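Engineer: File follows, final_3.cif with mmCIF, C-alpha atoms, pLDDT in the B column; chains and numbers go by the auth columns:
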```cif
data_work
#
loop_
_atom_site.group_PDB
_atom_site.id
_atom_site.type_symbol
_atom_site.label_atom_id
_atom_site.label_comp_id
_atom_site.label_asym_id
_atom_site.label_seq_id
_atom_site.Cartn_x
_atom_site.Cartn_y
_atom_site.Cartn_z
_atom_site.B_iso_or_equiv
_atom_site.auth_seq_id
_atom_site.auth_asym_id
ATOM 1 C CA MET A 1 -31.990 40.930 -63.399 92.00 1 A
ATOM 2 C CA ARG A 2 -29.483 43.647 -62.478 95.00 2 A
ATOM 3 C CA LEU A 3 -27.599 42.656 -59.347 96.00 3 A
ATOM 4 C CA VAL A 4 -25.087 43.906 -56.849 96.00 4 A
ATOM 5 C CA LEU A 5 -22.974 41.053 -55.541 96.00 5 A
ATOM 6 C CA ASP A 6 -22.064 41.236 -51.883 93.00 6 A
ATOM 7 C CA THR A 7 -18.351 40.612 -51.323 93.00 7 A
ATOM 8 C CA GLY A 8 -19.164 37.293 -49.661 93.00 8 A
ATOM 9 C CA ILE A 9 -20.712 36.043 -52.906 95.00 9 A
ATOM 10 C CA VAL A 10 -17.526 36.779 -54.849 95.00 10 A
ATOM 11 C CA VAL A 11 -15.383 35.128 -52.180 94.00 11 A
ATOM 12 C CA ALA A 12 -17.637 32.054 -52.101 94.00 12 A
ATOM 13 C CA ALA A 13 -17.594 31.801 -55.897 94.00 13 A
ATOM 14 C CA LEU A 14 -13.813 31.648 -55.907 92.00 14 A
ATOM 15 C CA ARG A 15 -13.517 29.345 -52.908 92.00 15 A
ATOM 16 C CA SER A 16 -16.173 26.909 -54.113 91.00 16 A
ATOM 17 C CA PRO A 17 -16.245 26.758 -57.936 89.00 17 A
ATOM 18 C CA ARG A 18 -19.201 24.342 -57.944 92.00 18 A
ATOM 19 C CA GLY A 19 -21.420 26.265 -55.531 93.00 19 A
ATOM 20 C CA ALA A 20 -24.395 28.529 -56.075 94.00 20 A
ATOM 21 C CA SER A 21 -22.268 31.683 -55.962 95.00 21 A
ATOM 22 C CA ALA A 22 -19.982 30.387 -58.707 95.00 22 A
ATOM 23 C CA LEU A 23 -22.998 29.489 -60.835 95.00 23 A
ATOM 24 C CA LEU A 24 -24.471 32.938 -60.273 95.00 24 A
ATOM 25 C CA LEU A 25 -21.166 34.558 -61.242 94.00 25 A
ATOM 26 C CA THR A 26 -21.042 32.386 -64.366 93.00 26 A
ATOM 27 C CA ARG A 27 -24.507 33.580 -65.323 94.00 27 A
ATOM 28 C CA VAL A 28 -23.383 37.163 -64.815 94.00 28 A
ATOM 29 C CA ARG A 29 -20.350 36.511 -67.004 92.00 29 A
ATOM 30 C CA LEU A 30 -22.605 35.022 -69.695 93.00 30 A
ATOM 31 C CA GLY A 31 -24.839 38.096 -69.615 91.00 31 A
ATOM 32 C CA ARG A 32 -27.868 36.397 -68.090 93.00 32 A
ATOM 33 C CA HIS A 33 -27.729 38.879 -65.216 94.00 33 A
ATOM 34 C CA GLY A 34 -26.284 42.352 -65.110 94.00 34 A
ATOM 35 C CA MET A 35 -23.759 43.232 -62.436 96.00 35 A
ATOM 36 C CA ILE A 36 -23.642 46.719 -60.961 97.00 36 A
ATOM 37 C CA LEU A 37 -20.315 47.798 -59.507 96.00 37 A
ATOM 38 C CA THR A 38 -18.973 50.994 -57.978 94.00 38 A
ATOM 39 C CA VAL A 39 -15.304 51.849 -57.483 94.00 39 A
ATOM 40 C CA PRO A 40 -15.555 51.566 -53.666 92.00 40 A
ATOM 41 C CA LEU A 41 -17.154 48.118 -53.942 93.00 41 A
ATOM 42 C CA ALA A 42 -14.514 46.940 -56.449 95.00 42 A
ATOM 43 C CA LEU A 43 -11.830 48.080 -54.005 94.00 43 A
ATOM 44 C CA GLU A 44 -13.613 46.159 -51.243 93.00 44 A
ATOM 45 C CA TYR A 45 -13.561 43.008 -53.417 94.00 45 A
ATOM 46 C CA GLU A 46 -9.827 43.434 -53.958 94.00 46 A
ATOM 47 C CA ALA A 47 -9.078 44.147 -50.288 93.00 47 A
ATOM 48 C CA VAL A 48 -11.010 41.136 -49.022 94.00 48 A
ATOM 49 C CA LEU A 49 -9.763 38.735 -51.690 92.00 49 A
ATOM 50 C CA SER A 50 -6.157 39.861 -50.996 92.00 50 A
ATOM 51 C CA ARG A 51 -6.296 38.426 -47.497 93.00 51 A
ATOM 52 C CA PRO A 52 -3.820 35.539 -47.269 92.00 52 A
ATOM 53 C CA HIS A 53 -6.384 32.984 -46.077 92.00 53 A
ATOM 54 C CA HIS A 54 -8.640 33.721 -49.076 89.00 54 A
ATOM 55 C CA LEU A 55 -5.749 33.586 -51.548 89.00 55 A
ATOM 56 C CA GLU A 56 -4.700 30.241 -50.100 90.00 56 A
ATOM 57 C CA ALA A 57 -8.230 28.808 -50.091 89.00 57 A
ATOM 58 C CA CYS A 58 -8.835 30.002 -53.665 86.00 58 A
ATOM 59 C CA ARG A 59 -5.384 28.798 -54.754 89.00 59 A
ATOM 60 C CA LEU A 60 -4.678 32.154 -56.347 88.00 60 A
ATOM 61 C CA SER A 61 -1.618 34.346 -56.393 90.00 61 A
ATOM 62 C CA LEU A 62 -2.072 38.027 -55.669 91.00 62 A
ATOM 63 C CA ASP A 63 -1.614 38.781 -59.381 92.00 63 A
ATOM 64 C CA ALA A 64 -4.176 36.145 -60.388 91.00 64 A
ATOM 65 C CA MET A 65 -6.667 37.543 -57.860 92.00 65 A
ATOM 66 C CA ARG A 66 -6.176 41.027 -59.286 92.00 66 A
ATOM 67 C CA GLN A 67 -6.911 39.616 -62.736 93.00 67 A
ATOM 68 C CA VAL A 68 -10.145 38.142 -61.377 92.00 68 A
ATOM 69 C CA VAL A 69 -11.165 41.525 -59.960 92.00 69 A
ATOM 70 C CA SER A 70 -10.218 43.206 -63.258 94.00 70 A
ATOM 71 C CA GLY A 71 -12.395 40.673 -65.055 94.00 71 A
ATOM 72 C CA LEU A 72 -15.329 41.497 -62.787 94.00 72 A
ATOM 73 C CA ILE A 73 -14.808 45.187 -63.444 94.00 73 A
ATOM 74 C CA ALA A 74 -14.755 44.501 -67.190 95.00 74 A
ATOM 75 C CA ILE A 75 -18.124 42.714 -67.194 94.00 75 A
ATOM 76 C CA ALA A 76 -19.837 44.992 -64.678 94.00 76 A
ATOM 77 C CA GLU A 77 -21.978 48.025 -65.313 90.00 77 A
ATOM 78 C CA PRO A 78 -19.896 50.862 -63.871 91.00 78 A
ATOM 79 C CA THR A 79 -21.959 52.944 -61.513 90.00 79 A
ATOM 80 C CA PRO A 80 -20.938 56.295 -60.098 85.00 80 A
ATOM 81 C CA VAL A 81 -21.774 57.045 -56.486 80.00 81 A
ATOM 82 C CA TRP A 82 -23.995 60.086 -56.868 78.00 82 A
ATOM 83 C CA PHE A 83 -24.963 60.127 -53.234 73.00 83 A
ATOM 84 C CA SER A 84 -23.715 58.392 -50.132 67.00 84 A
ATOM 85 C CA LEU A 85 -26.094 56.549 -47.850 64.00 85 A
ATOM 86 C CA ARG A 86 -23.627 55.842 -45.087 57.00 86 A
ATOM 87 C CA PRO A 87 -24.276 54.702 -42.515 60.00 87 A
ATOM 88 C CA ALA A 88 -27.170 52.570 -43.699 59.00 88 A
ATOM 89 C CA ALA A 89 -26.123 49.254 -42.162 53.00 89 A
ATOM 90 C CA TYR A 90 -24.210 48.067 -39.125 53.00 90 A
ATOM 91 C CA ASP A 91 -21.187 46.943 -41.185 57.00 91 A
ATOM 92 C CA PRO A 92 -19.445 49.564 -43.366 54.00 92 A
ATOM 93 C CA GLY A 93 -18.828 46.850 -45.988 58.00 93 A
ATOM 94 C CA ASP A 94 -22.579 46.350 -46.220 74.00 94 A
ATOM 95 C CA ASP A 95 -22.962 50.090 -46.743 82.00 95 A
ATOM 96 C CA LEU A 96 -20.848 49.789 -49.904 87.00 96 A
ATOM 97 C CA VAL A 97 -23.165 47.095 -51.247 90.00 97 A
ATOM 98 C CA ILE A 98 -26.353 49.026 -50.441 87.00 98 A
ATOM 99 C CA GLU A 99 -24.864 52.228 -51.831 91.00 99 A
ATOM 100 C CA ALA A 100 -24.006 50.487 -55.124 93.00 100 A
ATOM 101 C CA ALA A 101 -27.493 48.982 -55.336 93.00 101 A
ATOM 102 C CA VAL A 102 -29.280 52.276 -54.743 91.00 102 A
ATOM 103 C CA ASN A 103 -27.042 54.348 -57.032 92.00 103 A
ATOM 104 C CA GLY A 104 -27.204 51.697 -59.758 94.00 104 A
ATOM 105 C CA ARG A 105 -30.951 51.066 -59.357 94.00 105 A
ATOM 106 C CA ALA A 106 -30.354 47.355 -58.871 95.00 106 A
ATOM 107 C CA ASP A 107 -33.179 44.861 -59.018 95.00 107 A
ATOM 108 C CA ALA A 108 -31.660 42.972 -56.087 95.00 108 A
ATOM 109 C CA ILE A 109 -28.630 42.382 -53.921 95.00 109 A
ATOM 110 C CA ALA A 110 -27.148 38.878 -53.914 96.00 110 A
ATOM 111 C CA SER A 111 -25.931 38.059 -50.417 94.00 111 A
ATOM 112 C CA PHE A 112 -25.682 35.373 -47.771 91.00 112 A
ATOM 113 C CA ASP A 113 -26.011 38.046 -45.094 83.00 113 A
ATOM 114 C CA LEU A 114 -29.763 38.460 -45.297 84.00 114 A
ATOM 115 C CA ARG A 115 -29.946 39.397 -41.634 79.00 115 A
ATOM 116 C CA HIS A 116 -27.751 42.508 -41.846 82.00 116 A
ATOM 117 C CA ILE A 117 -28.270 43.725 -45.416 83.00 117 A
ATOM 118 C CA ALA A 118 -31.926 42.984 -46.127 78.00 118 A
ATOM 119 C CA LYS A 119 -33.509 45.411 -43.681 81.00 119 A
ATOM 120 C CA PRO A 120 -31.478 48.517 -44.599 81.00 120 A
ATOM 121 C CA ALA A 121 -31.690 47.675 -48.328 83.00 121 A
ATOM 122 C CA ALA A 122 -35.457 47.241 -48.068 84.00 122 A
ATOM 123 C CA ARG A 123 -35.728 50.836 -46.841 86.00 123 A
ATOM 124 C CA PHE A 124 -34.603 51.794 -50.346 88.00 124 A
ATOM 125 C CA GLY A 125 -36.897 49.292 -52.073 91.00 125 A
ATOM 126 C CA ILE A 126 -34.172 46.782 -52.960 92.00 126 A
ATOM 127 C CA PRO A 127 -34.654 43.116 -52.061 94.00 127 A
ATOM 128 C CA THR A 128 -31.746 41.050 -50.771 94.00 128 A
ATOM 129 C CA LEU A 129 -31.739 37.490 -52.039 94.00 129 A
ATOM 130 C CA HIS A 130 -29.673 34.397 -51.392 94.00 130 A
ATOM 131 C CA PRO A 131 -27.894 33.200 -54.582 95.00 131 A
ATOM 132 C CA ILE A 132 -30.035 30.066 -54.681 94.00 132 A
ATOM 133 C CA ALA A 133 -33.203 32.191 -54.703 93.00 133 A
ATOM 134 C CA ILE A 134 -31.867 34.167 -57.662 93.00 134 A
ATOM 135 C CA LEU A 135 -30.893 31.010 -59.541 92.00 135 A
ATOM 136 C CA ARG A 136 -34.349 29.535 -58.982 90.00 136 A
ATOM 137 C CA LYS A 137 -35.997 32.627 -60.501 82.00 137 A
ATOM 138 C CA GLU A 138 -34.638 31.870 -63.958 73.00 138 A
ATOM 139 C CA PRO A 139 -34.727 28.771 -66.110 62.00 139 A
ATOM 140 C CA SER A 140 -31.395 26.980 -66.344 55.00 140 A
#
```
Can you present the structure in this file as structure tokens?
Structural biologist:
Amino acid sequence: MRLVLDTGIVVAALRSPRGASALLLTRVRLGRHGMILTVPLALEYEAVLSRPHHLEACRLSLDAMRQVVSGLIAIAEPTPVWFSLRPAAYDPGDDLVIEAAVNGRADAIASFDLRHIAKPAARFGIPTLHPIAILRKEPS
């Protein structure tokens, strides 16, 4: 399954290494799922993860966090933004996720924010799934 990971999934994976988001990210890293990523979404990951409260909760230095983002970029399928869909959602950060999914022809968006992302993403034929739902779709 080719996925776009909402920023909250990446944050949760780093804050809770034993949670569903971390397991999903591990499966992406192992090649069991593809990860679609645009430059604007990668910059959003870096901006959000650079916030002091996230760095502290993840026990990462700024340099270590940048290495994490670089690692995500290295394993992701780079996707150019051929067309902008903004505004598609209430939150501009959600627009970045939906834009990446549409431009990259994702199979799904992984997100906790089903309420705000699912409806605008569905207009483009892309389902939004909780990480647990994605993990349940494949054999462990």
Engineer: Can you tell me, as a count of residues only, what residues are no more than 9 Å from region 9-26 of chain A when counting only C-alpha atoms, ignoring any on the same chain fewer than 2 positions away?
Structural biologist: 24
Engineer: If we count only C-alpha atoms and set the cut-off at 9 Å, which residues sit around region 127-130 of chain A, ignoring sequence neighbours fewer than 3 positions away in its own chain? Please answer as a PDB file with C-alpha atoms, in the coordinates of the input.
Structural biologist:
```pdb
ATOM      1  CA  ASP A 107     -33.179  44.861 -59.018  1.00 95.00           C
ATOM      2  CA  ALA A 108     -31.660  42.972 -56.087  1.00 95.00           C
ATOM      3  CA  ILE A 109     -28.630  42.382 -53.921  1.00 95.00           C
ATOM      4  CA  ALA A 110     -27.148  38.878 -53.914  1.00 96.00           C
ATOM      5  CA  SER A 111     -25.931  38.059 -50.417  1.00 94.00           C
ATOM      6  CA  PHE A 112     -25.682  35.373 -47.771  1.00 91.00           C
ATOM      7  CA  ASP A 113     -26.011  38.046 -45.094  1.00 83.00           C
ATOM      8  CA  LEU A 114     -29.763  38.460 -45.297  1.00 84.00           C
ATOM      9  CA  ILE A 117     -28.270  43.725 -45.416  1.00 83.00           C
ATOM     10  CA  ALA A 118     -31.926  42.984 -46.127  1.00 78.00           C
ATOM     11  CA  LYS A 119     -33.509  45.411 -43.681  1.00 81.00           C
ATOM     12  CA  ALA A 121     -31.690  47.675 -48.328  1.00 83.00           C
ATOM     13  CA  ALA A 122     -35.457  47.241 -48.068  1.00 84.00           C
ATOM     14  CA  PHE A 124     -34.603  51.794 -50.346  1.00 88.00           C
ATOM     15  CA  ALA A 133     -33.203  32.191 -54.703  1.00 93.00           C
ATOM     16  CA  ILE A 134     -31.867  34.167 -57.662  1.00 93.00           C
ATOM     17  CA  LEU A 135     -30.893  31.010 -59.541  1.00 92.00           C
TER      18      LEU A 135
END
```
Engineer: At what distance in Å, to one decimal, does CA of Gly8 (chain A) lie from CA of Ala106 (chain A)?
Structural biologist: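 These two atoms are separated by 17.6 Å.
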Engineer: Nearest to Ala42 (chain A) among A:Arg27, A:Phe83, A:Glu77, A:Ser61, with distances taken over all atoms listed in the file: which residue is it?
Structural biologist: A:Glu77
Engineer: In Å, with one decimal, what is the gap from CA of Val4 (chain A) to CA of Gly104 (chain A)?
Structural biologist: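 Result for CA of Val4 (chain A) versus CA of Gly104 (chain A): 8.6 Å, one decimal.
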